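Novice: One structure follows; several queries about it will come next.
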Amino acid sequence: MKTLEELKVVRDSMVGEVALRTHGNASSKYERHVLVCGGTGCTSSGSPKIIEELKKEFAEKGLTDKVQIVKTGCFGLCERGPIMIVYPEGSFYSRVKVDEIPRIVDEHLIGGNPVKEFLYEETVVGDEIKSLDDTSFYKKQHRVALRNCGVIDPENINEYIGRDGYQALGKVLTTMTPEDVIQTILDSGLRGRGGGGFPTGMKWKLARNIVPNADQKYVCCNADEGDPGAFMDRSVLEGDPHVVLEAMSIAGYAIGATQGYIYVRAEYPIAVERLNIAIKQARENGMLGKNIFGTDFCFDIDLRLGAGAFVCGEETALMTSIEGNRGEPRPRPPFPAEKGLFQKPTILNNVETYANIPQIILNGADWFASMGTEKSKGTKVFALGGKIKNTGLVEVPMGTTLREVIEEIGGGIPNGKKFKAAQTGGPSGGCIDPSNFDIPIDYDNLIGIGSMMGSGGLIVMDEDNCMVDIAKFFLEFTVDESCGKCTPCRIGTKRMWEILDKITKGKGTLEDLDKLEELAYHIKANSLCGLGQTAPNPVLSTLRCFRDEYIAHVVDKKCPAGVCKDLLSFEIEKDKCIGCGMCAKQCPASAITRTDYIAPGKKLAAMEIDKSKCVKCGACIATCKFKAIIKK
Amino acid sequence: MENITVKINGVELEVPKGTTVLEAAHMAGFEIPTLCYMKEINEIGACRICVTEVNEGRGFRLVAGCVYPCSNNMEILTSSPKVIESRKRTLELILSTHDRKCLSCVRSGNCELQKLAKDYGVEDATVYDGIKNEYEVDNSAAHMYRDNNKCILCRRCVAVCAKTQGIGVIGANERGFKTYIGSAFDMGLGETSCVSCGQCIAVCPVGALSEKDYTKEVLAAIADPEKTVLVQTAPAVRAGLGECFGNPIGTNVEGKMAATLRRLGFDKVFDTDFAADLTIMEEANEFLDRFTNGGTLPLITSCSPGWVKFCEHYYPDLLDHLSSCKSPQQMFGATAKTYYAQKMGIDPKNIVMVSIMPCTAKKFEIGRPDQSAAGVPDVDYALTTRELGRMIERAGILFNSLPDEKFDDPLGISTGAGVIFGATGGVMEAALRTAVYTLTGENVTDLPEVRGTKAIKEATYNVAGNDVKVIVTSGLANARKVLDDIRAGKCDAQFVEVMACPGGCVNGGGQPQVPMGVRNFVDIREERAKVLYNLDKSMPLRQSHENPAIKKVYEEFFEKPGSHKAHEVLHTSYVKRKVNEI
């Protein structure tokens, strides 16, 4: 594809195809499209077998030319995987099983009647089938970064082109100056989605101007998503890899770079594979390489695989790692815009940030800035996890409240439990208590309440979560992931963890709480990089919002949530025990034996727990149908 | 250069743009403490001891003063309560992982961590105690040990090994709290292609790295009436030893050193400078032979055992370029145990040859093959300048009050050419003095082109109608550049001097440790080298071939330079080694 005209021809031939899946003017060669999620979540819950079965059925029943199977990226509602959607109806089959396929093929794909009992329950209201967009999970979502995820086949560049792919690059190269591009990004108000929230346009502007006549510059993409539970970048890479390539090329044009690197963690094999396919296709089609669309602009992209160190998500550590050294951060300044990769001016943006760029170019800065809050524009993708019904990936406009995300989109807390806290920003973020439930989510508000946006992990906790234990969990993560370069992070986080460990074992003192807090502030103010500077946040935010829980551990030697084993004891209420002995069978420590006591109205002698042998695993409680076992 | 204004603790100051907070503070008369920082070598901002409050218009915050650049109108507070508190807490954290065995530590008294703990008023070194990593001491190398129980992970050793020496056999292993410094795949240092230069020891702020100490063995030999214990002192030792006793960097203590060695009980106090002159006789002869008879050129000097081992590991294909001359230390030992033993009627087996060296690679060198001219090792113990310092302290000798004394005859007689061996360019200058005299009969004494601390020095001299191009380099990373050129056939020099340590032996790995806070602002290479050049200037004889003791040793024993006898006793051979495999 040497020219924009050639691009237009491909687009025109594809636009009707993909429109079948988006309620647009469809003109597909096929009667139906069956979209099966090929993201990591659904792949592990069995989607490849679904596709295999579909192909087999199609071949047997002569559907191959009538119905197209499309392996897409993530639909978002991972909780319900594997997911399959049939267009043009938009029928949403969830938790699809291989043996359900023949019926779906016969009744729906051949017979034209969706198999209601296999559909996602919420889409079935009596005899009606609701549109997916009317379900609570999708209703309040607004997909910009995830626009093509779950819509196109990520391994087919033409499908991307059919969704206006590479139009933005064409527009930039033929009608805009680099300064225009940077101004557009500045005007859009886009801020870095990787966590820091630095204005993207400003980053580009610095990299363009700070070193006059630089012989080489680089555009890097941070795809080293490392927050526990966050997978929005993975989903973009798996579902829409070309958007990243296109955006990086636009960035290259804007700052004057000819080479890009995507630093992606090796634990994302599907993302790596699709990126490799996308790069190959982009090169073959002339979107990467020399003289793109017949202009003077030359740009290429290579992958660099990360070995899974969390710290390599920090920009200077990431660049050090690309350079072939041990991934450790280096002091800033100099900032990467001046001396980045190989000491050359470099910009580094996160996958989700890039995923917004082509849409901003095509729809204009005002369109993007019309979404969101005063200082945080556009949308944000969150990975919903923890104690929530609808685990998955959601994209909402900035300014949506936590309540909307958790209660409406997420479906609230399962099992009738009480909401206790939400954790944002991963191990760098903090816990938010219910009093801040109605604050509109944006960069500044989250920092204001002692947390941070981070990359968008959102973990929900209920009354069964111990906040001291949660703080310890996150700190354990940073202790493990500290690179070991600077003193406060290397030693300080370990010492904080030790104090927390002491507290959860009932050996903490009030002085320990002071020491913990002092160390936390010390590490924040003295560490070399963002990892250390934010590592104490989970502790500080829980100390602030849930201090009474810490006090309960320290003073009363109790864990109110019943999590910290050393502070618990298990007892059998003898009058409730019918003596069935199931608990003793389950007990891995042989700590439960029969007593001589037969409770009134019971036939068998009650059981009892030998506390010296009990390992507090909870197996007995789980197995007792009579609620005769309590933990205190 | 554009200037900017900063205000440090209320003092206004103009500094060039690009000046760091640390440098600006130093200019204003304030010291910011450091542990990891080494100017241009280890600018990693890791230890966080240098944190300093700065205000760039958005309020005060802590930055790493060692690497943070000043900006215009920046306000800097180098010792505010917040700064002091932060440094103290970081120190307490470091101490919680340190073994704190100060009383039995070789660095007690000149440990940078100990000093900071005192300066910052650490009242309770155990306040953050918790889990400690425990490490076995690595004793595998011939010249040193690593005790990671004392290591504070400043990484100076890593930086100096990789950057200054271009070797990089040590680095950070594991990560987070478990991080430790070691070699790849946990090889012992002795199994790697470490060249034994000891630069890591010289920069270690604490007692994690130290030479293997042989002072006990030497004292035992002195006490043994059966043994004749001879001592030789390398040129650079007299320029460094004084620092062990509080003298300023660059103090000449040659006379006190001779006096102190006599008081320690050595039977004869000799000078390696004698052997340096002998080396020149042999090496100048070797050079002239190769130059006139079409031998392998450039000829490269072989005095520095760290360099020799480096060449064996990393450039084994260039070993033919190395001079076959033993180093002065070994020539000395070989001459003492053959010529001197014969002359004095002593059985060489009863001679204990001790050398005092600014070098740790000398400890490796004495165990090399083909270094036993009399059938016993040429040298029995190679002590560093630091070990001698410790012996003197232990013996209760009031070093600074000693009179200046002279070395013993005949192996204590030397020339100015011998003494400058201790500085980069010295061997080259000494060799050229004698080579020029041999070819033209002219006396040349000052060749400033090959002096100084520049990384690579080149000069061309016209000698008897022939252009002789020489290259002098020190620090093995610099040497790599020269060697790569030789390997690529792009080097047109005929004679090359390489010293493993930057600046030559004056800055050797066995010299007294100077706190990095001083080294970052004072060039110890220059200060110590001045001692040697001043000595050279003050000596009546400044060319090796003029040394009467040398003339005599050839008359009585070796006949002439390059003779069969000289080859047997004074020359050696090399081994091809692999990288990280012995």
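Residue names in the structure tokens use chain letters A, B, ... in the order shown, residue numbers from 1 in each chain, and ligand numbers from 1 in the order shown.
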Please list as a short mmCIF file (atom, residue, chain, number, x, y, z; two decimals) with C-alpha atoms, in the first residue's frame every residue within 9 Å of Met391 in chain B, counting only C-alpha atoms and excluding residues in the same chain fewer than 6 positions away.
Specialist:
data_model
loop_
_atom_site.label_atom_id
_atom_site.label_comp_id
_atom_site.auth_asym_id
_atom_site.auth_seq_id
_atom_site.Cartn_x
_atom_site.Cartn_y
_atom_site.Cartn_z
CA THR B 215 51.55 -9.77 57.80
CA LYS B 216 51.45 -12.59 60.34
CA LEU B 219 56.43 -11.40 61.15
CA LEU B 264 60.43 -4.03 61.95
#
Novice: Mind checking which residues fall within 8 Å of Gly229 in chain A, counting only C-alpha atoms, ignoring those fewer than 3 positions away in the same chain, and posting them as a ChimeraX atom specification?
Specialist: /A:383,385,426,457,459
Novice: Please write the residues from the selection above to a file, keeping C-alpha atoms, as a PDB file, in the first residue's frame.
Specialist:
ATOM      1  CA  ALA A 383      -9.560  -3.923  35.412  1.00  0.00           C
ATOM      2  CA  GLY A 385     -11.303  -7.566  40.277  1.00  0.00           C
ATOM      3  CA  GLY A 426      -2.062  -1.485  42.315  1.00  0.00           C
ATOM      4  CA  GLY A 457      -6.410  -1.864  38.481  1.00  0.00           C
ATOM      5  CA  ILE A 459      -9.713  -4.316  43.387  1.00  0.00           C
TER       6      ILE A 459
END
Novice: Only residues of chain B matter here; which ones have an atom within 8 Å of chain A, counting only C-alpha atoms? Give them as an MDAnalysis selection string.
Specialist: chainID B and resid 44:48 51 61:63 67:69 86 89:90 93:94 97 128:130 153 175:179
Novice: If you keep N, CA and C atoms, can you produce a file of those selected residues as a CSV table (one decimal), in the first residue's frame?
Specialist:
chain,number,residue,atom,x,y,z
B,44,ILE,N,25.0,7.0,40.2
B,44,ILE,CA,23.8,6.2,40.1
B,44,ILE,C,22.7,6.6,41.1
B,45,GLY,N,23.0,7.5,42.0
B,45,GLY,CA,22.0,8.0,43.0
B,45,GLY,C,21.4,6.9,43.8
B,46,ALA,N,22.1,5.9,44.2
B,46,ALA,CA,21.5,4.7,44.8
B,46,ALA,C,21.5,4.7,46.3
B,47,CYS,N,22.5,5.2,47.0
B,47,CYS,CA,22.6,5.0,48.4
B,47,CYS,C,21.7,6.0,49.2
B,48,ARG,N,21.4,7.1,48.6
B,48,ARG,CA,20.5,8.1,49.2
B,48,ARG,C,21.0,8.8,50.4
B,51,VAL,N,21.0,12.9,50.1
B,51,VAL,CA,19.8,13.6,49.9
B,51,VAL,C,19.9,15.0,50.5
B,61,ARG,N,12.0,19.9,48.5
B,61,ARG,CA,11.8,18.4,48.5
B,61,ARG,C,13.2,17.8,48.5
B,62,LEU,N,13.3,16.5,48.7
B,62,LEU,CA,14.6,15.9,48.8
B,62,LEU,C,15.0,15.4,47.4
B,63,VAL,N,16.3,15.6,47.1
B,63,VAL,CA,16.8,15.1,45.9
B,63,VAL,C,18.2,14.5,46.2
B,67,VAL,N,23.8,13.8,42.1
B,67,VAL,CA,23.6,13.8,40.6
B,67,VAL,C,22.6,14.8,40.2
B,68,TYR,N,21.9,15.5,41.2
B,68,TYR,CA,20.9,16.4,40.8
B,68,TYR,C,21.5,17.8,40.3
B,69,PRO,N,21.2,18.2,39.1
B,69,PRO,CA,21.8,19.4,38.6
B,69,PRO,C,21.1,20.7,39.2
B,86,SER,N,16.7,12.4,57.5
B,86,SER,CA,16.6,11.4,56.4
B,86,SER,C,17.9,10.6,56.3
B,89,ARG,N,18.2,8.2,59.1
B,89,ARG,CA,17.3,7.0,58.9
B,89,ARG,C,17.9,6.0,57.9
B,90,THR,N,18.3,6.6,56.8
B,90,THR,CA,18.9,5.7,55.7
B,90,THR,C,20.1,5.0,56.3
B,93,LEU,N,19.0,2.2,58.3
B,93,LEU,CA,18.5,1.1,57.5
B,93,LEU,C,19.7,0.3,57.0
B,94,ILE,N,20.8,1.0,56.5
B,94,ILE,CA,22.0,0.3,56.1
B,94,ILE,C,22.5,-0.6,57.2
B,97,THR,N,21.4,-4.0,58.0
B,97,THR,CA,21.8,-5.2,57.2
B,97,THR,C,23.3,-5.4,57.3
B,128,TYR,N,16.5,-0.7,63.3
B,128,TYR,CA,15.7,-1.3,62.3
B,128,TYR,C,16.1,-2.7,62.1
B,129,ASP,N,16.7,-3.4,63.1
B,129,ASP,CA,17.1,-4.7,62.9
B,129,ASP,C,15.9,-5.7,62.5
B,130,GLY,N,16.2,-6.6,61.6
B,130,GLY,CA,15.2,-7.6,61.2
B,130,GLY,C,16.0,-8.7,60.6
B,153,LEU,N,26.1,-2.3,49.3
B,153,LEU,CA,25.6,-2.3,48.0
B,153,LEU,C,25.7,-0.9,47.3
B,175,ARG,N,17.7,-9.7,43.5
B,175,ARG,CA,17.2,-8.3,43.5
B,175,ARG,C,16.5,-8.0,44.9
B,176,GLY,N,16.1,-6.8,45.0
B,176,GLY,CA,15.4,-6.4,46.2
B,176,GLY,C,16.3,-6.6,47.4
B,177,PHE,N,15.7,-7.0,48.5
B,177,PHE,CA,16.4,-7.2,49.7
B,177,PHE,C,17.5,-8.3,49.6
B,178,LYS,N,17.3,-9.2,48.7
B,178,LYS,CA,18.3,-10.3,48.5
B,178,LYS,C,19.5,-9.9,47.6
B,179,THR,N,19.5,-8.7,47.1
B,179,THR,CA,20.5,-8.3,46.2
B,179,THR,C,21.9,-8.4,46.9
Novice: Residues at most 7 Å from Leu570 in chain B, counting only C-alpha atoms, excluding those fewer than 6 positions away in the same chain, as a PyMOL selection string?
Specialist: chain B and resi 325-326+331+334
Novice: Store the residues picked out above, limited to N, CA and C atoms, as a compact mmCIF listing (two decimals), in the first residue's frame.
Specialist:
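Final output, saved to selection10.txt:
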# COMPACT_ATOMS: atom_id res chain seq x y z
N CYS B 325 60.14 -9.65 29.78
CA CYS B 325 60.74 -9.28 31.06
C CYS B 325 59.79 -9.57 32.20
N LYS B 326 60.34 -10.15 33.28
CA LYS B 326 59.56 -10.23 34.51
C LYS B 326 59.31 -8.81 35.01
N MET B 331 61.92 -9.58 39.15
CA MET B 331 63.35 -9.50 38.81
C MET B 331 64.16 -9.33 40.09
N ALA B 334 64.23 -12.62 41.95
CA ALA B 334 65.07 -13.57 41.22
C ALA B 334 66.55 -13.23 41.40
Novice: Figure out the distance between CA of Asn133 in chain B and CA of Leu475 in chain A, please, to one decimal in Å.
Specialist: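 The value is 19.2 Å.
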